[in-house]
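Everything below belongs to work-v3.cif, which stores mmCIF, C-alpha atoms, pLDDT in the B column; chains and numbers go by the auth columns.
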data_final
loop_
_atom_site.group_PDB
_atom_site.id
_atom_site.type_symbol
_atom_site.label_atom_id
_atom_site.label_comp_id
_atom_site.label_asym_id
_atom_site.label_seq_id
_atom_site.Cartn_x
_atom_site.Cartn_y
_atom_site.Cartn_z
_atom_site.B_iso_or_equiv
_atom_site.auth_seq_id
_atom_site.auth_asym_id
ATOM 1 C CA GLN A 1 20.562 67.673 55.731 65.00 1 C
ATOM 2 C CA GLN A 2 17.334 65.941 56.552 75.00 2 C
ATOM 3 C CA GLN A 3 18.072 62.738 58.403 87.00 3 C
ATOM 4 C CA VAL A 4 14.527 61.407 58.219 93.00 4 C
ATOM 5 C CA LYS A 5 12.198 61.906 55.275 94.00 5 C
ATOM 6 C CA GLN A 6 8.496 61.313 55.763 95.00 6 C
ATOM 7 C CA SER A 7 5.656 61.019 53.285 96.00 7 C
ATOM 8 C CA PRO A 8 2.952 61.831 52.502 96.00 8 C
ATOM 9 C CA GLN A 9 2.514 65.246 54.057 93.00 9 C
ATOM 10 C CA SER A 10 -1.213 64.671 54.360 95.00 10 C
ATOM 11 C CA LEU A 11 -3.466 61.682 53.989 97.00 11 C
ATOM 12 C CA ILE A 12 -7.216 61.231 53.788 98.00 12 C
ATOM 13 C CA VAL A 13 -8.625 57.768 54.401 98.00 13 C
ATOM 14 C CA GLN A 14 -12.128 56.397 54.629 98.00 14 C
ATOM 15 C CA LYS A 15 -13.228 54.887 57.902 97.00 15 C
ATOM 16 C CA GLY A 16 -12.245 51.240 57.955 97.00 16 C
ATOM 17 C CA GLY A 17 -9.469 51.710 55.437 97.00 17 C
ATOM 18 C CA ILE A 18 -5.734 51.284 55.840 98.00 18 C
ATOM 19 C CA SER A 19 -3.532 54.324 56.462 98.00 19 C
ATOM 20 C CA ILE A 20 0.094 53.993 55.402 98.00 20 C
ATOM 21 C CA ILE A 21 2.829 56.483 56.245 98.00 21 C
ATOM 22 C CA ASN A 22 6.383 56.023 55.049 98.00 22 C
ATOM 23 C CA CYS A 23 9.741 57.149 56.356 97.00 23 C
ATOM 24 C CA ALA A 24 13.304 56.815 55.127 97.00 24 C
ATOM 25 C CA TYR A 25 16.479 57.463 57.044 96.00 25 C
ATOM 26 C CA GLU A 26 20.112 58.034 56.180 92.00 26 C
ATOM 27 C CA ASN A 27 22.256 57.043 59.119 93.00 27 C
ATOM 28 C CA THR A 28 22.945 53.315 59.429 92.00 28 C
ATOM 29 C CA ALA A 29 23.907 53.843 63.069 92.00 29 C
ATOM 30 C CA PHE A 30 20.276 54.491 63.967 93.00 30 C
ATOM 31 C CA ASP A 31 18.883 51.690 66.083 90.00 31 C
ATOM 32 C CA TYR A 32 15.570 52.992 67.351 90.00 32 C
ATOM 33 C CA PHE A 33 12.565 53.981 65.266 94.00 33 C
ATOM 34 C CA PRO A 34 9.533 55.326 67.133 93.00 34 C
ATOM 35 C CA TRP A 35 6.282 56.724 65.826 96.00 35 C
ATOM 36 C CA TYR A 36 4.506 59.527 67.612 95.00 36 C
ATOM 37 C CA GLN A 37 0.899 60.671 67.423 96.00 37 C
ATOM 38 C CA GLN A 38 0.024 64.292 68.062 94.00 38 C
ATOM 39 C CA PHE A 39 -3.413 65.817 68.498 94.00 39 C
ATOM 40 C CA PRO A 40 -3.909 69.580 68.137 88.00 40 C
ATOM 41 C CA GLY A 41 -2.697 71.474 71.178 86.00 41 C
ATOM 42 C CA LYS A 42 -1.065 68.408 72.697 89.00 42 C
ATOM 43 C CA GLY A 43 2.417 67.041 72.907 91.00 43 C
ATOM 44 C CA PRO A 44 3.470 64.075 70.761 92.00 44 C
ATOM 45 C CA ALA A 45 2.681 60.733 72.341 92.00 45 C
ATOM 46 C CA LEU A 46 4.681 57.587 71.697 90.00 46 C
ATOM 47 C CA LEU A 47 2.579 55.216 69.645 94.00 47 C
ATOM 48 C CA ILE A 48 4.805 52.306 68.727 93.00 48 C
ATOM 49 C CA ALA A 49 8.515 51.743 68.186 92.00 49 C
ATOM 50 C CA ILE A 50 10.783 49.194 66.564 93.00 50 C
ATOM 51 C CA ARG A 51 14.435 48.210 66.611 90.00 51 C
ATOM 52 C CA PRO A 52 16.231 46.947 63.497 89.00 52 C
ATOM 53 C CA ASP A 53 16.506 43.366 64.676 90.00 53 C
ATOM 54 C CA VAL A 54 12.893 42.730 63.657 91.00 54 C
ATOM 55 C CA SER A 55 11.107 43.450 60.389 94.00 55 C
ATOM 56 C CA GLU A 56 7.646 44.017 61.795 96.00 56 C
ATOM 57 C CA LYS A 57 5.972 44.950 65.044 95.00 57 C
ATOM 58 C CA LYS A 58 2.262 44.984 65.654 96.00 58 C
ATOM 59 C CA GLU A 59 0.306 46.559 68.489 95.00 59 C
ATOM 60 C CA GLY A 60 -3.430 46.416 68.043 96.00 60 C
ATOM 61 C CA ARG A 61 -4.355 48.167 64.815 97.00 61 C
ATOM 62 C CA PHE A 62 -0.896 49.727 64.456 97.00 62 C
ATOM 63 C CA THR A 63 1.952 47.959 62.658 97.00 63 C
ATOM 64 C CA ILE A 64 5.484 49.086 61.878 96.00 64 C
ATOM 65 C CA SER A 65 7.182 47.490 58.897 96.00 65 C
ATOM 66 C CA PHE A 66 10.952 47.857 58.797 96.00 66 C
ATOM 67 C CA ASN A 67 13.274 47.327 55.830 95.00 67 C
ATOM 68 C CA LYS A 68 16.853 47.617 57.030 93.00 68 C
ATOM 69 C CA SER A 69 18.501 47.210 53.634 94.00 69 C
ATOM 70 C CA ALA A 70 16.364 49.948 52.110 95.00 70 C
ATOM 71 C CA LYS A 71 16.618 52.103 55.230 95.00 71 C
ATOM 72 C CA GLN A 72 12.868 52.537 55.253 96.00 72 C
ATOM 73 C CA PHE A 73 10.100 51.979 57.737 97.00 73 C
ATOM 74 C CA SER A 74 6.390 52.531 57.627 98.00 74 C
ATOM 75 C CA LEU A 75 3.365 52.794 59.866 98.00 75 C
ATOM 76 C CA HIS A 76 0.198 50.961 58.923 98.00 76 C
ATOM 77 C CA ILE A 77 -3.066 51.767 60.662 98.00 77 C
ATOM 78 C CA MET A 78 -5.606 49.057 60.006 98.00 78 C
ATOM 79 C CA ASP A 79 -9.346 49.700 60.210 98.00 79 C
ATOM 80 C CA SER A 80 -8.708 53.440 60.476 98.00 80 C
ATOM 81 C CA GLN A 81 -11.143 55.343 62.665 97.00 81 C
ATOM 82 C CA PRO A 82 -12.075 59.047 62.858 97.00 82 C
ATOM 83 C CA GLY A 83 -10.408 59.124 66.279 97.00 83 C
ATOM 84 C CA ASP A 84 -7.120 58.292 64.554 97.00 84 C
ATOM 85 C CA SER A 85 -7.200 61.697 62.850 97.00 85 C
ATOM 86 C CA ALA A 86 -4.011 63.358 64.058 96.00 86 C
ATOM 87 C CA THR A 87 -0.516 64.214 62.958 94.00 87 C
ATOM 88 C CA TYR A 88 1.932 61.329 62.929 96.00 88 C
ATOM 89 C CA PHE A 89 5.673 61.729 63.209 94.00 89 C
ATOM 90 C CA CYS A 90 8.273 59.105 62.568 95.00 90 C
ATOM 91 C CA ALA A 91 11.638 59.436 64.243 93.00 91 C
ATOM 92 C CA ALA A 92 14.994 57.717 64.174 92.00 92 C
ATOM 93 C CA GLY A 93 18.041 57.811 66.331 88.00 93 C
ATOM 94 C CA ALA A 94 20.871 55.963 67.947 85.00 94 C
ATOM 95 C CA THR A 95 20.289 54.929 71.541 76.00 95 C
ATOM 96 C CA GLY A 96 21.515 57.643 73.894 72.00 96 C
ATOM 97 C CA ASN A 97 21.658 60.290 71.193 76.00 97 C
ATOM 98 C CA GLN A 98 19.214 62.767 69.744 78.00 98 C
ATOM 99 C CA PHE A 99 16.194 61.694 67.780 81.00 99 C
ATOM 100 C CA TYR A 100 15.573 63.029 64.311 87.00 100 C
ATOM 101 C CA PHE A 101 11.948 63.578 63.402 89.00 101 C
ATOM 102 C CA GLY A 102 10.187 63.453 60.095 91.00 102 C
ATOM 103 C CA THR A 103 8.147 66.453 59.029 89.00 103 C
ATOM 104 C CA GLY A 104 4.851 64.837 59.981 92.00 104 C
ATOM 105 C CA THR A 105 1.789 63.459 58.223 95.00 105 C
ATOM 106 C CA SER A 106 -1.616 64.927 58.853 95.00 106 C
ATOM 107 C CA LEU A 107 -4.105 62.057 58.775 97.00 107 C
ATOM 108 C CA THR A 108 -7.809 62.637 58.339 97.00 108 C
ATOM 109 C CA VAL A 109 -10.148 59.681 58.598 98.00 109 C
ATOM 110 C CA ILE A 110 -13.551 60.484 57.167 97.00 110 C
ATOM 111 C CA PRO A 111 -16.660 58.636 58.365 92.00 111 C
ATOM 112 C CA ASN B 1 2.546 62.266 78.674 46.00 1 N
ATOM 113 C CA ALA B 2 1.380 63.667 82.001 53.00 2 N
ATOM 114 C CA GLY B 3 4.649 62.613 83.608 89.00 3 N
ATOM 115 C CA VAL B 4 6.670 65.328 81.861 94.00 4 N
ATOM 116 C CA MET B 5 5.616 68.711 83.181 95.00 5 N
ATOM 117 C CA GLN B 6 6.159 71.876 81.233 97.00 6 N
ATOM 118 C CA ASN B 7 5.279 75.352 82.390 96.00 7 N
ATOM 119 C CA PRO B 8 3.936 77.692 81.596 97.00 8 N
ATOM 120 C CA ARG B 9 1.578 76.221 79.011 96.00 9 N
ATOM 121 C CA HIS B 10 1.182 79.591 77.361 97.00 10 N
ATOM 122 C CA LEU B 11 3.577 82.506 77.486 98.00 11 N
ATOM 123 C CA VAL B 12 3.205 85.922 75.921 98.00 12 N
ATOM 124 C CA ARG B 13 6.204 88.185 75.685 98.00 13 N
ATOM 125 C CA ARG B 14 6.840 91.532 74.052 98.00 14 N
ATOM 126 C CA ARG B 15 9.706 91.861 71.621 97.00 15 N
ATOM 127 C CA GLY B 16 12.967 92.297 73.498 97.00 16 N
ATOM 128 C CA GLN B 17 11.841 90.559 76.672 98.00 17 N
ATOM 129 C CA GLU B 18 13.161 87.286 78.008 98.00 18 N
ATOM 130 C CA ALA B 19 11.283 83.999 77.943 98.00 19 N
ATOM 131 C CA ARG B 20 11.973 81.176 80.400 98.00 20 N
ATOM 132 C CA LEU B 21 10.466 77.781 79.708 98.00 21 N
ATOM 133 C CA ARG B 22 10.615 75.038 82.308 98.00 22 N
ATOM 134 C CA CYS B 23 10.563 71.292 81.995 97.00 23 N
ATOM 135 C CA SER B 24 10.416 68.753 84.797 96.00 24 N
ATOM 136 C CA PRO B 25 11.190 65.291 83.403 94.00 25 N
ATOM 137 C CA MET B 26 9.582 62.072 84.455 91.00 26 N
ATOM 138 C CA LYS B 27 10.737 60.662 87.740 87.00 27 N
ATOM 139 C CA GLY B 28 13.961 58.759 87.282 83.00 28 N
ATOM 140 C CA HIS B 29 14.732 60.333 83.904 86.00 29 N
ATOM 141 C CA SER B 30 18.031 62.146 83.684 86.00 30 N
ATOM 142 C CA HIS B 31 18.013 63.259 80.049 89.00 31 N
ATOM 143 C CA VAL B 32 15.881 65.851 78.329 93.00 32 N
ATOM 144 C CA TYR B 33 15.441 67.086 74.804 93.00 33 N
ATOM 145 C CA TRP B 34 14.025 70.412 73.726 96.00 34 N
ATOM 146 C CA TYR B 35 12.229 70.716 70.404 94.00 35 N
ATOM 147 C CA ARG B 36 10.572 73.620 68.633 95.00 36 N
ATOM 148 C CA GLN B 37 7.487 73.259 66.512 92.00 37 N
ATOM 149 C CA LEU B 38 6.219 75.950 64.213 87.00 38 N
ATOM 150 C CA PRO B 39 2.566 75.898 63.107 78.00 39 N
ATOM 151 C CA GLU B 40 1.901 73.192 60.539 73.00 40 N
ATOM 152 C CA GLU B 41 5.499 72.041 60.753 77.00 41 N
ATOM 153 C CA GLY B 42 7.418 69.196 62.294 80.00 42 N
ATOM 154 C CA LEU B 43 9.539 69.014 65.385 87.00 43 N
ATOM 155 C CA LYS B 44 12.947 70.617 65.154 89.00 44 N
ATOM 156 C CA PHE B 45 15.640 69.445 67.540 89.00 45 N
ATOM 157 C CA MET B 46 17.218 72.155 69.640 94.00 46 N
ATOM 158 C CA VAL B 47 19.266 70.670 72.462 94.00 47 N
ATOM 159 C CA TYR B 48 19.895 67.428 74.326 91.00 48 N
ATOM 160 C CA LEU B 49 20.832 67.670 77.991 93.00 49 N
ATOM 161 C CA GLN B 50 21.872 65.443 80.801 91.00 50 N
ATOM 162 C CA LYS B 51 21.887 66.721 84.367 90.00 51 N
ATOM 163 C CA GLU B 52 24.607 69.392 84.578 92.00 52 N
ATOM 164 C CA ASN B 53 25.785 68.614 81.059 93.00 53 N
ATOM 165 C CA ILE B 54 24.892 69.662 77.518 94.00 54 N
ATOM 166 C CA ILE B 55 25.274 66.632 75.284 90.00 55 N
ATOM 167 C CA ASP B 56 24.263 68.119 71.949 90.00 56 N
ATOM 168 C CA GLU B 57 23.249 71.696 71.255 93.00 57 N
ATOM 169 C CA SER B 58 23.671 71.578 67.501 90.00 58 N
ATOM 170 C CA GLY B 59 20.063 72.664 66.960 90.00 59 N
ATOM 171 C CA MET B 60 20.235 75.746 69.137 94.00 60 N
ATOM 172 C CA PRO B 61 20.527 79.158 67.517 93.00 61 N
ATOM 173 C CA LYS B 62 23.932 80.597 68.290 90.00 62 N
ATOM 174 C CA GLU B 63 22.587 83.741 69.873 95.00 63 N
ATOM 175 C CA ARG B 64 19.890 84.503 72.442 97.00 64 N
ATOM 176 C CA PHE B 65 19.092 80.867 73.215 97.00 65 N
ATOM 177 C CA SER B 66 20.492 78.854 76.099 97.00 66 N
ATOM 178 C CA ALA B 67 19.497 75.753 78.020 97.00 67 N
ATOM 179 C CA GLU B 68 20.441 74.150 81.274 96.00 68 N
ATOM 180 C CA PHE B 69 19.520 71.119 83.332 96.00 69 N
ATOM 181 C CA PRO B 70 20.827 71.617 86.853 94.00 70 N
ATOM 182 C CA LYS B 71 21.428 68.891 89.364 91.00 71 N
ATOM 183 C CA GLU B 72 18.324 70.003 91.230 91.00 72 N
ATOM 184 C CA GLY B 73 15.240 71.460 89.635 92.00 73 N
ATOM 185 C CA PRO B 74 13.777 71.581 86.151 95.00 74 N
ATOM 186 C CA SER B 75 15.472 72.051 82.845 97.00 75 N
ATOM 187 C CA ILE B 76 15.253 75.639 81.624 98.00 76 N
ATOM 188 C CA LEU B 77 15.179 76.897 78.056 98.00 77 N
ATOM 189 C CA ARG B 78 15.944 80.581 78.031 98.00 78 N
ATOM 190 C CA ILE B 79 15.355 82.926 75.129 98.00 79 N
ATOM 191 C CA GLN B 80 16.723 86.415 75.504 98.00 80 N
ATOM 192 C CA GLN B 81 15.488 89.464 73.591 98.00 81 N
ATOM 193 C CA VAL B 82 12.680 87.558 71.944 98.00 82 N
ATOM 194 C CA VAL B 83 11.612 88.370 68.401 97.00 83 N
ATOM 195 C CA ARG B 84 8.380 87.556 66.549 95.00 84 N
ATOM 196 C CA GLY B 85 10.066 84.632 64.831 94.00 85 N
ATOM 197 C CA ASP B 86 10.532 82.914 68.186 96.00 86 N
ATOM 198 C CA SER B 87 6.758 82.386 68.412 96.00 87 N
ATOM 199 C CA ALA B 88 6.285 78.626 68.406 96.00 88 N
ATOM 200 C CA ALA B 89 5.443 75.644 70.567 96.00 89 N
ATOM 201 C CA TYR B 90 8.404 74.385 72.549 97.00 90 N
ATOM 202 C CA PHE B 91 8.331 70.780 73.646 96.00 91 N
ATOM 203 C CA CYS B 92 10.439 68.996 76.152 96.00 92 N
ATOM 204 C CA ALA B 93 10.926 65.236 76.145 93.00 93 N
ATOM 205 C CA SER B 94 12.564 63.141 78.797 91.00 94 N
ATOM 206 C CA LEU B 95 14.080 59.698 78.650 84.00 95 N
ATOM 207 C CA ASN B 96 15.771 57.292 80.947 72.00 96 N
ATOM 208 C CA MET B 97 19.464 56.494 81.072 64.00 97 N
ATOM 209 C CA VAL B 98 18.987 53.542 78.771 66.00 98 N
ATOM 210 C CA GLY B 99 17.897 56.058 76.192 60.00 99 N
ATOM 211 C CA THR B 100 15.000 54.291 74.624 66.00 100 N
ATOM 212 C CA GLU B 101 11.530 55.744 74.962 75.00 101 N
ATOM 213 C CA ALA B 102 11.181 59.516 75.003 82.00 102 N
ATOM 214 C CA PHE B 103 8.073 61.015 76.571 88.00 103 N
ATOM 215 C CA PHE B 104 6.918 64.493 75.664 92.00 104 N
ATOM 216 C CA GLY B 105 5.355 67.187 77.768 94.00 105 N
ATOM 217 C CA GLN B 106 2.340 69.215 76.661 93.00 106 N
ATOM 218 C CA GLY B 107 4.529 72.023 75.438 96.00 107 N
ATOM 219 C CA THR B 108 4.815 75.740 76.044 97.00 108 N
ATOM 220 C CA ARG B 109 3.268 77.966 73.420 96.00 109 N
ATOM 221 C CA LEU B 110 5.251 81.145 73.179 97.00 110 N
ATOM 222 C CA THR B 111 3.725 84.162 71.515 97.00 111 N
ATOM 223 C CA VAL B 112 5.849 87.228 70.921 97.00 112 N
ATOM 224 C CA VAL B 113 3.867 90.399 70.372 96.00 113 N
#
Can the structure from this file be put into structure tokens for me?
Amino acid sequence: QQQVKQSPQSLIVQKGGISIINCAYENTAFDYFPWYQQFPGKGPALLIAIRPDVSEKKEGRFTISFNKSAKQFSLHIMDSQPGDSATYFCAAGATGNQFYFGTGTSLTVIP
Amino acid sequence: NAGVMQNPRHLVRRRGQEARLRCSPMKGHSHVYWYRQLPEEGLKFMVYLQKENIIDESGMPKERFSAEFPKEGPSILRIQQVVRGDSAAYFCASLNMVGTEAFFGQGTRLTVV
């Protein structure tokens, strides 16, 4: 049973455009929703995270939108840059327990 | 994150040998996760450990795989009698007792020949 479903699997965006990656989760006990960025040959790096008491969190060009009733959350990358090209993973979990990861989205930003 | 140290970075083993992967968490972190990542795939949970305690090993294969996190020293993921299908990147992540942010190491890339 996949606890976190992520889409799309791959995404190509023009430089300056908006990249949007979506995730849905099953378990209503989850209270922590991080996004990770992974470059080839590297470990995932925490990008931004949100808790369900807020509907949106913004850090620079990265924004998480959270819809508790729909059990969905998304990552928006504004003004996408070629350096943003990486694989992005959403995750969800309950504090103190294991995280469940989405299957990843390979983002390519073309100049 | 440079704070979580995994070694070796690359490991080559012949079929039937044992592989030992080490993970030193960030200072002050007492919990570690181990994940496996196959090429072009996502991260698959394997085991969640606290010092001297296995909290959740539901993602670990029943045979050949074991993990420990002793009171002193790094966490160890041990794979006995490796097979070609064990070839993957293995990542360790550590988090603090509050259990919020998890920081990943650079991974160990295991190749079974």
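Counting all atoms listed in the file and comparing C:Arg51, C:His76, C:Lys5, C:Lys15, the residue that lies closest to C:Thr63 is C:His76.
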Q) Can you list, as a list in words, every protein, DNA or RNA residue that comes within 10 Å of C:Phe66 when you count all atoms listed in the file, leaving out same-chain residues fewer than 2 positions away? A) Cys23, Ala24, Phe33, Ile50, Arg51, Pro52, Asp53, Val54, Ser55, Glu56, Lys57, Thr63, Ile64, Lys68, Ser69, Ala70, Lys71, Gln72, Phe73, Ser74 and Leu75 of chain C
Among N:Leu43, N:Met60, N:Ala93, N:Leu77, N:Arg22 is approached most closely, using only C-alpha atoms, by N:Leu77
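For the choices N:Lys71, N:Phe91, N:Trp34, N:Pro39, the atom-to-atom distance to N:Glu52 is smallest for N:Lys71 when using only C-alpha atoms.
Taking only C-alpha atoms, the non-local environment of N:Glu101 within 9 Å (same-chain residues fewer than 4 positions away omitted) comprises C:Pro34, C:Leu46, C:Ala49, N:Ser94, N:Leu95, N:Asn96.
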Residues within 8 Å of (-5.0, 47.7, 55.3), counting only C-alpha atoms, listed as JSON, numbers by chain
{"C": [17, 18, 19, 76, 77, 78, 79]}
(request) Would you kindly translate the PyMOL selection byres ((chain N) within 12 of (chain C)) into the concrete residues it picks from this file, as number ranges by chain? (result) N: 1-6, 9-10, 30-50, 54-59, 88-109
- Message: List as a PyMOL selection string the protein and nucleic acid residues near N:Ile79, meaning an atom at most 10 Å away when all atoms listed in the file are counted, but skip any in the same chain fewer than 5 places from it.
- Response: chain N and resi 16-21+61+63-67+86
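Put simply, atom CA of C:Ala92 is 7.0 Å away from atom CA of C:Val4.
Interatomic distance, atom CA of N:Gln80 to atom CA of N:Val112: 11.8 Å.
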Edge lengths and centre, in Å to one decimal, as AutoDock Vina command-line options: that's what I need for the box along x, y and z that holds all listed atoms of stretch 80-87 of chain N plus 8 Å on each side.
--center_x 11.7 --center_y 85.9 --center_z 70.2 --size_x 26.0 --size_y 23.1 --size_z 26.7
Computed gap from atom CA of C:Ser10 to atom CA of C:Gln38 is 13.8 Å
Item to complete: Using all atoms listed in the file, determine which residues lie at most 7 Å from C:Ile12, disregarding the query and same-chain residues fewer than 3 positions distant; provide the list as a PyMOL selection string.
Response: chain C and resi 107-109
Selection from above, C-alpha atoms, as a short mmCIF file (atom, residue, chain, number, x, y, z; two decimals), keeping the file's coordinate frame, can you write it?
data_model
loop_
_atom_site.label_atom_id
_atom_site.label_comp_id
_atom_site.auth_asym_id
_atom_site.auth_seq_id
_atom_site.Cartn_x
_atom_site.Cartn_y
_atom_site.Cartn_z
CA LEU C 107 -4.11 62.06 58.78
CA THR C 108 -7.81 62.64 58.34
CA VAL C 109 -10.15 59.68 58.60
#
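Applied to the file shown here, the PyMOL selection byres ((chain N and resi 84) around 9) selects Arg14, Arg15, Val82, Val83, Gly85, Asp86, Ser87, Thr111, Val112 and Val113 of chain N.
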